[in-house]
file model-v4.cif (mmCIF, C-alpha atoms)
data_protein
loop_
_atom_site.label_atom_id
_atom_site.label_comp_id
_atom_site.auth_asym_id
_atom_site.auth_seq_id
_atom_site.Cartn_x
_atom_site.Cartn_y
_atom_site.Cartn_z
CA MET A 24 18.47 18.51 1.90
CA VAL A 25 16.30 21.21 0.28
CA GLU A 26 17.76 24.41 -1.16
CA GLY A 27 15.74 27.28 -2.66
CA LEU A 28 12.92 25.03 -3.81
CA GLY A 29 10.13 26.66 -5.82
CA LEU A 30 7.10 25.38 -7.71
CA GLU A 31 5.13 27.45 -10.21
CA GLY A 32 1.52 26.65 -11.05
CA PRO A 33 -0.70 27.91 -13.91
CA ARG A 34 -1.55 31.08 -11.95
CA GLY A 35 1.74 31.85 -10.28
CA TRP A 36 4.15 30.53 -7.71
CA VAL A 37 2.76 27.98 -5.28
CA PHE A 38 5.85 28.19 -3.03
CA ARG A 39 9.35 29.59 -3.32
CA ASP A 40 12.66 29.79 -1.44
CA VAL A 41 12.09 26.66 0.65
CA SER A 42 15.31 25.48 2.30
CA PHE A 43 15.94 23.04 5.14
CA ARG A 44 17.91 19.94 6.11
CA ALA A 45 16.50 16.84 7.76
CA ALA A 46 18.32 13.68 8.74
CA ALA A 47 16.92 10.23 7.96
CA GLY A 48 14.26 9.29 10.50
CA SER A 49 13.24 12.91 11.14
CA LEU A 50 9.70 14.11 11.77
CA VAL A 51 9.18 17.14 9.52
CA ALA A 52 5.99 19.16 9.91
CA ILE A 53 4.86 21.40 7.04
CA GLU A 54 2.77 23.88 8.99
CA GLY A 55 0.33 26.54 7.83
CA PRO A 56 -3.25 27.31 6.81
CA SER A 57 -4.92 25.68 3.84
CA GLY A 58 -4.07 27.23 0.48
CA THR A 59 -0.46 28.13 1.28
CA GLY A 60 1.14 25.39 -0.81
CA ARG A 61 1.60 22.86 2.00
CA THR A 62 0.30 19.85 0.06
CA CYS A 63 2.14 20.84 -3.11
CA LEU A 64 5.41 21.02 -1.16
CA LEU A 65 4.68 17.56 0.26
CA LEU A 66 4.04 16.20 -3.24
CA ALA A 67 7.16 17.85 -4.64
CA LEU A 68 9.37 16.32 -1.95
CA THR A 69 7.89 12.86 -2.55
CA GLY A 70 8.51 13.04 -6.30
CA ARG A 71 4.92 13.70 -7.39
CA MET A 72 5.29 17.32 -8.53
CA LYS A 73 8.11 18.87 -10.56
CA VAL A 74 9.66 22.02 -9.17
CA GLN A 75 11.00 24.84 -11.33
CA GLU A 76 13.52 26.34 -8.91
CA GLY A 77 16.11 25.05 -6.51
CA ARG A 78 17.12 21.51 -5.75
CA ALA A 79 16.53 18.79 -3.20
CA GLU A 80 18.00 15.44 -2.31
CA VAL A 81 15.85 12.64 -0.92
CA GLY A 82 17.60 9.47 0.18
CA GLY A 83 20.61 10.48 -1.90
CA LEU A 84 18.42 10.99 -4.99
CA PRO A 85 18.35 14.47 -6.58
CA LEU A 86 15.10 16.26 -7.35
CA PRO A 87 13.69 17.02 -9.82
CA ARG A 88 16.05 14.91 -11.97
CA ARG A 89 15.29 11.57 -10.27
CA MET A 90 11.58 11.98 -9.52
CA ALA A 91 10.69 8.42 -10.56
CA ALA A 92 13.37 6.98 -8.29
CA VAL A 93 12.17 9.13 -5.38
CA ARG A 94 8.63 7.86 -5.89
CA ARG A 95 9.90 4.32 -5.45
CA ILE A 96 11.24 5.07 -1.96
CA ALA A 97 8.50 7.52 -0.89
CA ALA A 98 4.93 6.58 0.00
CA LEU A 99 1.86 8.71 0.56
CA GLY A 100 -0.85 8.43 3.17
CA GLN A 101 -4.20 9.87 2.21
CA VAL A 102 -3.90 13.03 0.08
CA PRO A 103 -7.24 14.42 -1.17
CA GLY A 104 -7.40 14.33 -4.96
CA VAL A 105 -4.20 12.29 -5.25
CA SER A 106 -4.20 9.27 -2.92
CA GLU A 107 -7.52 8.59 -1.25
CA LEU A 108 -9.27 5.76 0.54
CA ASP A 109 -12.35 4.37 -1.19
CA PRO A 110 -15.28 4.84 1.23
CA ALA A 111 -17.14 1.88 -0.31
CA LEU A 112 -14.35 -0.62 0.39
CA THR A 113 -13.75 -2.34 3.69
CA VAL A 114 -10.53 -2.16 5.66
CA ALA A 115 -9.69 -5.75 4.69
CA GLU A 116 -10.30 -5.04 1.00
CA HIS A 117 -7.97 -2.05 1.10
CA LEU A 118 -5.26 -4.08 2.80
CA ARG A 119 -5.56 -7.05 0.44
CA GLU A 120 -5.58 -4.79 -2.61
CA ARG A 121 -2.44 -2.98 -1.49
CA ALA A 122 -0.68 -6.26 -0.72
CA LEU A 123 -1.56 -7.54 -4.21
CA LEU A 124 -0.32 -4.35 -5.87
CA GLN A 125 2.84 -4.44 -3.78
CA ARG A 126 3.60 -7.98 -4.87
CA ARG A 127 2.72 -7.29 -8.51
CA PHE A 128 4.74 -4.12 -9.02
CA ASP A 129 7.46 -4.20 -6.37
CA GLY A 130 8.15 -7.88 -5.94
CA SER A 131 10.93 -9.84 -7.61
CA VAL A 132 10.30 -12.36 -10.38
CA ARG A 133 11.28 -15.11 -7.97
CA ALA A 134 8.63 -13.93 -5.50
CA LEU A 135 5.97 -14.04 -8.22
CA LEU A 136 6.87 -17.68 -8.94
CA ARG A 137 6.40 -18.84 -5.36
CA ARG A 138 3.58 -21.19 -4.46
CA PRO A 139 0.23 -19.50 -3.78
CA GLY A 140 0.33 -20.53 -0.13
CA ALA A 141 3.76 -18.98 0.37
CA ARG A 142 2.69 -15.78 -1.39
CA ALA A 143 -0.44 -15.54 0.73
CA ALA A 144 1.56 -16.03 3.94
CA GLU A 145 4.05 -13.37 2.91
CA ALA A 146 1.24 -10.93 2.08
CA ARG A 147 -0.44 -11.61 5.43
CA ALA A 148 2.84 -11.04 7.26
CA ARG A 149 3.38 -7.73 5.46
CA ILE A 150 -0.17 -6.62 6.25
CA ASP A 151 0.22 -7.53 9.93
CA GLU A 152 3.53 -5.68 10.12
CA ALA A 153 2.09 -2.50 8.60
CA VAL A 154 -1.10 -2.61 10.66
CA ALA A 155 0.91 -2.98 13.85
CA ALA A 156 3.26 -0.13 12.89
CA ALA A 157 0.25 2.12 12.24
CA GLY A 158 -1.38 1.18 15.54
CA LEU A 159 -4.57 0.10 13.79
CA ASP A 160 -6.52 -2.26 16.07
CA LEU A 161 -8.69 -4.24 13.65
CA ALA A 162 -10.55 -6.03 16.46
CA ALA A 163 -11.66 -2.68 17.91
CA LEU A 164 -13.35 -1.52 14.69
CA PRO A 165 -17.18 -1.69 14.56
CA LYS A 166 -17.17 -4.71 12.23
CA GLY A 167 -13.56 -5.69 12.56
CA GLU A 168 -11.63 -5.74 9.31
CA ARG A 169 -14.96 -5.85 7.43
CA THR A 170 -15.68 -2.27 8.53
CA SER A 171 -16.25 0.07 5.58
CA VAL A 172 -13.98 3.07 5.30
CA ARG A 173 -17.02 5.37 5.45
CA ASP A 174 -17.66 4.06 8.99
CA LEU A 175 -14.17 4.79 10.29
CA GLU A 176 -13.44 7.68 12.60
CA ARG A 177 -10.93 10.24 11.32
CA LEU A 178 -8.04 8.85 13.40
CA GLU A 179 -8.78 5.28 12.31
CA ALA A 180 -8.85 6.34 8.66
CA LEU A 181 -5.51 8.09 9.17
CA ARG A 182 -4.04 4.93 10.69
CA LEU A 183 -5.34 2.85 7.77
CA SER A 184 -3.85 5.19 5.17
CA ILE A 185 -0.51 5.07 6.97
CA ALA A 186 -0.66 1.26 7.22
CA LEU A 187 -1.24 1.05 3.46
CA ALA A 188 1.71 3.35 2.82
CA LEU A 189 3.99 1.39 5.14
CA MET A 190 3.32 -1.87 3.32
CA GLY A 191 5.87 -0.74 0.75
CA ARG A 192 8.44 -0.24 3.54
CA PRO A 193 9.26 3.28 2.32
CA ARG A 194 12.18 5.43 3.40
CA LEU A 195 9.99 8.54 3.24
CA LEU A 196 6.34 8.81 4.29
CA GLY A 197 4.18 11.80 3.32
CA VAL A 198 0.99 12.50 5.30
CA ASP A 199 -1.44 15.27 4.38
CA ASP A 200 -3.72 17.01 6.92
CA ALA A 201 -2.26 15.03 9.80
CA ASP A 202 -4.23 16.98 12.42
CA LEU A 203 -7.39 17.82 10.46
CA LYS A 204 -10.68 17.40 12.37
CA LEU A 205 -9.03 15.65 15.30
CA SER A 206 -9.78 16.24 18.96
CA ASP A 207 -6.88 17.21 21.19
CA ALA A 208 -6.58 13.61 22.43
CA HIS A 209 -6.68 12.14 18.92
CA ARG A 210 -4.24 14.78 17.67
CA ALA A 211 -1.79 13.68 20.37
CA GLU A 212 -2.25 10.05 19.28
CA ALA A 213 -1.65 10.96 15.63
CA TRP A 214 1.61 12.73 16.42
CA ALA A 215 2.69 9.86 18.69
CA LEU A 216 2.13 7.50 15.75
CA LEU A 217 4.16 9.66 13.37
CA ARG A 218 6.97 9.94 15.92
CA ALA A 219 7.02 6.14 16.23
CA VAL A 220 7.22 5.73 12.45
CA ALA A 221 10.10 8.22 12.33
CA ALA A 222 11.84 6.53 15.26
CA ALA A 223 11.73 3.25 13.32
CA GLY A 224 13.82 4.90 10.60
CA THR A 225 11.29 6.24 8.09
CA THR A 226 11.50 9.98 7.52
CA VAL A 227 8.04 11.53 7.94
CA LEU A 228 6.71 14.64 6.17
CA ALA A 229 3.42 15.70 7.73
CA VAL A 230 1.21 18.58 6.59
CA CYS A 231 -0.58 20.15 9.53
CA SER A 232 -2.18 23.33 10.82
CA GLU A 233 -0.10 23.36 14.01
CA ALA A 234 3.19 21.50 14.40
CA PRO A 235 4.29 19.89 17.67
CA ALA A 236 7.24 21.47 19.42
CA ASP A 237 9.59 18.52 18.81
CA ALA A 238 9.12 18.42 15.02
CA LEU A 239 11.33 20.07 12.43
CA ARG A 240 8.89 22.82 11.49
CA ILE A 241 8.57 24.23 7.97
CA THR A 242 6.00 27.05 7.89
CA ALA A 243 3.91 27.88 4.84
CA VAL A 244 2.70 31.49 5.08
CA GLY A 245 1.09 32.28 1.73
CA THR A 246 3.72 34.55 0.20
CA LYS A 247 6.41 31.92 0.69
CA ALA A 248 7.16 28.69 2.51
CA HIS A 249 9.93 29.09 5.07
CA ASP A 250 11.54 27.41 8.01
CA GLY A 251 9.90 27.96 11.37
CA GLY A 252 13.17 28.16 13.28
CA ASN A 253 14.17 24.55 13.83
CA SER A 254 16.43 24.08 10.80
CA GLU A 255 18.83 26.03 8.64
CA PRO A 256 17.72 29.45 7.35
CA THR A 257 15.72 29.64 4.16
CA GLY A 258 16.32 31.82 1.13
CA PRO A 259 15.43 35.49 0.83
CA ASP A 260 11.92 36.81 1.41
CA THR A 261 9.66 37.97 -1.38
CA ASP A 262 7.51 41.08 -1.14
CA ASP A 263 5.18 40.18 -4.01
CA GLU A 264 2.20 38.62 -2.26
CA ASP A 265 0.40 38.09 -5.58
CA ASP A 266 3.12 35.70 -6.81
CA ILE A 267 1.89 32.82 -4.68
CA THR A 268 -1.84 32.20 -4.62
CA GLU A 269 -4.34 29.70 -3.27
CA GLU A 270 -5.69 29.31 -6.82
CA GLY A 271 -2.19 28.48 -8.08
CA ALA A 272 -1.81 25.77 -5.46
CA ALA A 273 -5.24 24.35 -6.30
CA ASP A 274 -4.50 24.30 -10.04
CA ALA A 275 -1.12 22.63 -9.54
CA LEU A 276 -2.67 20.03 -7.24
CA ALA A 277 -5.45 19.33 -9.76
CA GLU A 278 -2.87 18.73 -12.48
CA THR A 279 -1.07 16.22 -10.26
CA GLY A 280 -4.33 14.45 -9.47
CA ARG A 281 -5.14 14.06 -13.17
CA ALA A 282 -1.64 12.73 -13.82
#
call {"tool": "encode", "arguments": {"input": "model-v4.cif", "output": "structure tokens"}}
result
Amino acid sequence: MVEGLGLEGPRGWVFRDVSFRAAAGSLVAIEGPSGTGRTCLLLALTGRMKVQEGRAEVGGLPLPRRMAAVRRIAALGQVPGVSELDPALTVAEHLRERALLQRRFDGSVRALLRRPGARAAEARARIDEAVAAAGLDLAALPKGERTSVRDLERLEALRLSIALALMGRPRLLGVDDADLKLSDAHRAEAWALLRAVAAAGTTVLAVCSEAPADALRITAVGTKAHDGGNSEPTGPDTDDEDDITEEGAADALAETGRA
């Protein structure tokens, strides 16, 4: 549930009057051109940016009051400047690193005290589960799991970032630029993947330039972010086009990246 959500950056409002409702397991597409606050809205709804207006509830947790709790149930795919793949690392290195971090920060004390062999088997099982859910075929990569991220195609990199996010078994998954630089065929594959993740019970928020017809579409249009017609009506329009700027969105995003 999102009601009248608004985020103000150093140079003005990044978005305002955002309202919609989405059930658990929904595919929500935040649609619009770059610079209209799409990514900032994604980060706000996943507990990474603090809004100044309105309220939201994610998994029963209120925003902005419970941002830390929302972050624990929400995971991000690749978001430029916030959550990025390291081009120098291999696919295997990324997966092992995420499994180690997952065990270190999200595991129970009992899990940390298990024998090394049992911990390694559990990590491998979690990696295999996430890779399968993301549709990432390691054997089909140029050098298998030893392939460097810089050598991945755009769709493969998207699948890897989603696999890393799913290793935490989140209730909410945020994906930025879901359709960026993809061919029509790869774009269809990307949306099929996100639908599958949503169908498995994880709510998906995907930033895109053009939303598929079956998604719950939230449209960012520069002067405000509003519903595209597939959910409940949003708040009132604003006629002040200078209130919400591309520079404001960039500044707010930069502050989140530094944090």
call {"tool": "residues_near_point", "arguments": {"input": "model-v4.cif", "point": "(20.6, 9.8, -1.8)", "cutoff": "12 Å", "atoms": "all atoms listed in the file", "output": "number ranges by chain"}}
result
A: 24, 46-47, 79-86, 89, 92-93, 96, 194-195
call {"tool": "resolve_selection", "arguments": {"input": "model-v4.cif", "expression": "the PyMOL selection byres ((chain A and resi 169) around 7)", "output": "PyMOL selection string"}}
result
chain A and resi 113-115+166-168+170-171
call {"tool": "closest_residue", "arguments": {"input": "model-v4.cif", "among": "A:Met90, A:Leu183, A:Leu178, A:Leu112", "to": "Ser206 in chain A", "atoms": "all atoms listed in the file"}}
result
A:Leu178
call {"tool": "residues_near_point", "arguments": {"input": "model-v4.cif", "point": "(-3.6, 18.7, 1.1)", "cutoff": "7 Å", "atoms": "all atoms listed in the file", "output": "list in words"}}
result
Arg61, Thr62, Val102, Pro103, Asp199 and Asp200 of chain A
call {"tool": "closest_residue", "arguments": {"input": "model-v4.cif", "among": "A:Leu203, A:Ile241, A:Ala221, A:Val230", "to": "Val25 in chain A", "atoms": "only C-alpha atoms"}}
result
A:Ile241
call {"tool": "atom_distance", "arguments": {"input": "model-v4.cif", "atom1": "CA of Asp160 in chain A", "atom2": "CA of Ala97 in chain A"}}
result
24.7 Å
call {"tool": "atom_distance", "arguments": {"input": "model-v4.cif", "atom1": "CA of Val74 in chain A", "atom2": "CA of Trp36 in chain A"}}
result
10.2 Å
call {"tool": "atom_distance", "arguments": {"input": "model-v4.cif", "atom1": "CA of Gly77 in chain A", "atom2": "CA of Gly29 in chain A"}}
result
6.2 Å
call {"tool": "closest_residue", "arguments": {"input": "model-v4.cif", "among": "A:Ala153, A:Ala243, A:Ser184, A:Arg218", "to": "Leu50 in chain A", "atoms": "all atoms listed in the file"}}
result
A:Arg218
call {"tool": "closest_residue", "arguments": {"input": "model-v4.cif", "among": "A:Gly158, A:Ser49, A:Pro235, A:Arg119", "to": "Ala144 in chain A", "atoms": "all atoms listed in the file"}}
result
A:Arg119
call {"tool": "closest_residue", "arguments": {"input": "model-v4.cif", "among": "A:Leu30, A:Ala222, A:Leu175, A:Leu118", "to": "Pro87 in chain A", "atoms": "all atoms listed in the file"}}
result
A:Leu30
call {"tool": "resolve_selection", "arguments": {"input": "model-v4.cif", "expression": "the PyMOL selection byres ((chain A and resi 150) around 8)", "output": "VMD selection string"}}
result
chain A and resid 118 to 119 122 146 to 149 151 to 154 186 190
call {"tool": "write_last_selection", "arguments": {"input": "model-v4.cif", "atoms": "C-alpha atoms", "output": "short mmCIF file (atom, residue, chain, number, x, y, z; two decimals), in the frame of the given file"}}
result
data_model
loop_
_atom_site.label_atom_id
_atom_site.label_comp_id
_atom_site.auth_asym_id
_atom_site.auth_seq_id
_atom_site.Cartn_x
_atom_site.Cartn_y
_atom_site.Cartn_z
CA LEU A 118 -5.26 -4.08 2.80
CA ARG A 119 -5.56 -7.05 0.44
CA ALA A 122 -0.68 -6.26 -0.72
CA ALA A 146 1.24 -10.93 2.08
CA ARG A 147 -0.44 -11.61 5.43
CA ALA A 148 2.84 -11.04 7.26
CA ARG A 149 3.38 -7.73 5.46
CA ASP A 151 0.22 -7.53 9.93
CA GLU A 152 3.53 -5.68 10.12
CA ALA A 153 2.09 -2.50 8.60
CA VAL A 154 -1.10 -2.61 10.66
CA ALA A 186 -0.66 1.26 7.22
CA MET A 190 3.32 -1.87 3.32
#
call {"tool": "axis_aligned_box", "arguments": {"input": "model-v4.cif", "around": "range 184-202 of chain A", "padding_each_side": "4 Å", "output": "JSON"}}
result
{"center_x": 4.0, "center_y": 7.6, "center_z": 6.6, "size_x": 24.4, "size_y": 26.9, "size_z": 19.7}
call {"tool": "resolve_selection", "arguments": {"input": "model-v4.cif", "expression": "the PyMOL selection byres ((chain A and resi 211) around 12)", "output": "NGL selection string"}}
result
:A and (178 or 201-202 or 205-210 or 212-218 or 233-236)
call {"tool": "closest_residue", "arguments": {"input": "model-v4.cif", "among": "A:Val198, A:Glu76, A:Val41, A:Thr242", "to": "Gly100 in chain A", "atoms": "only C-alpha atoms"}}
result
A:Val198
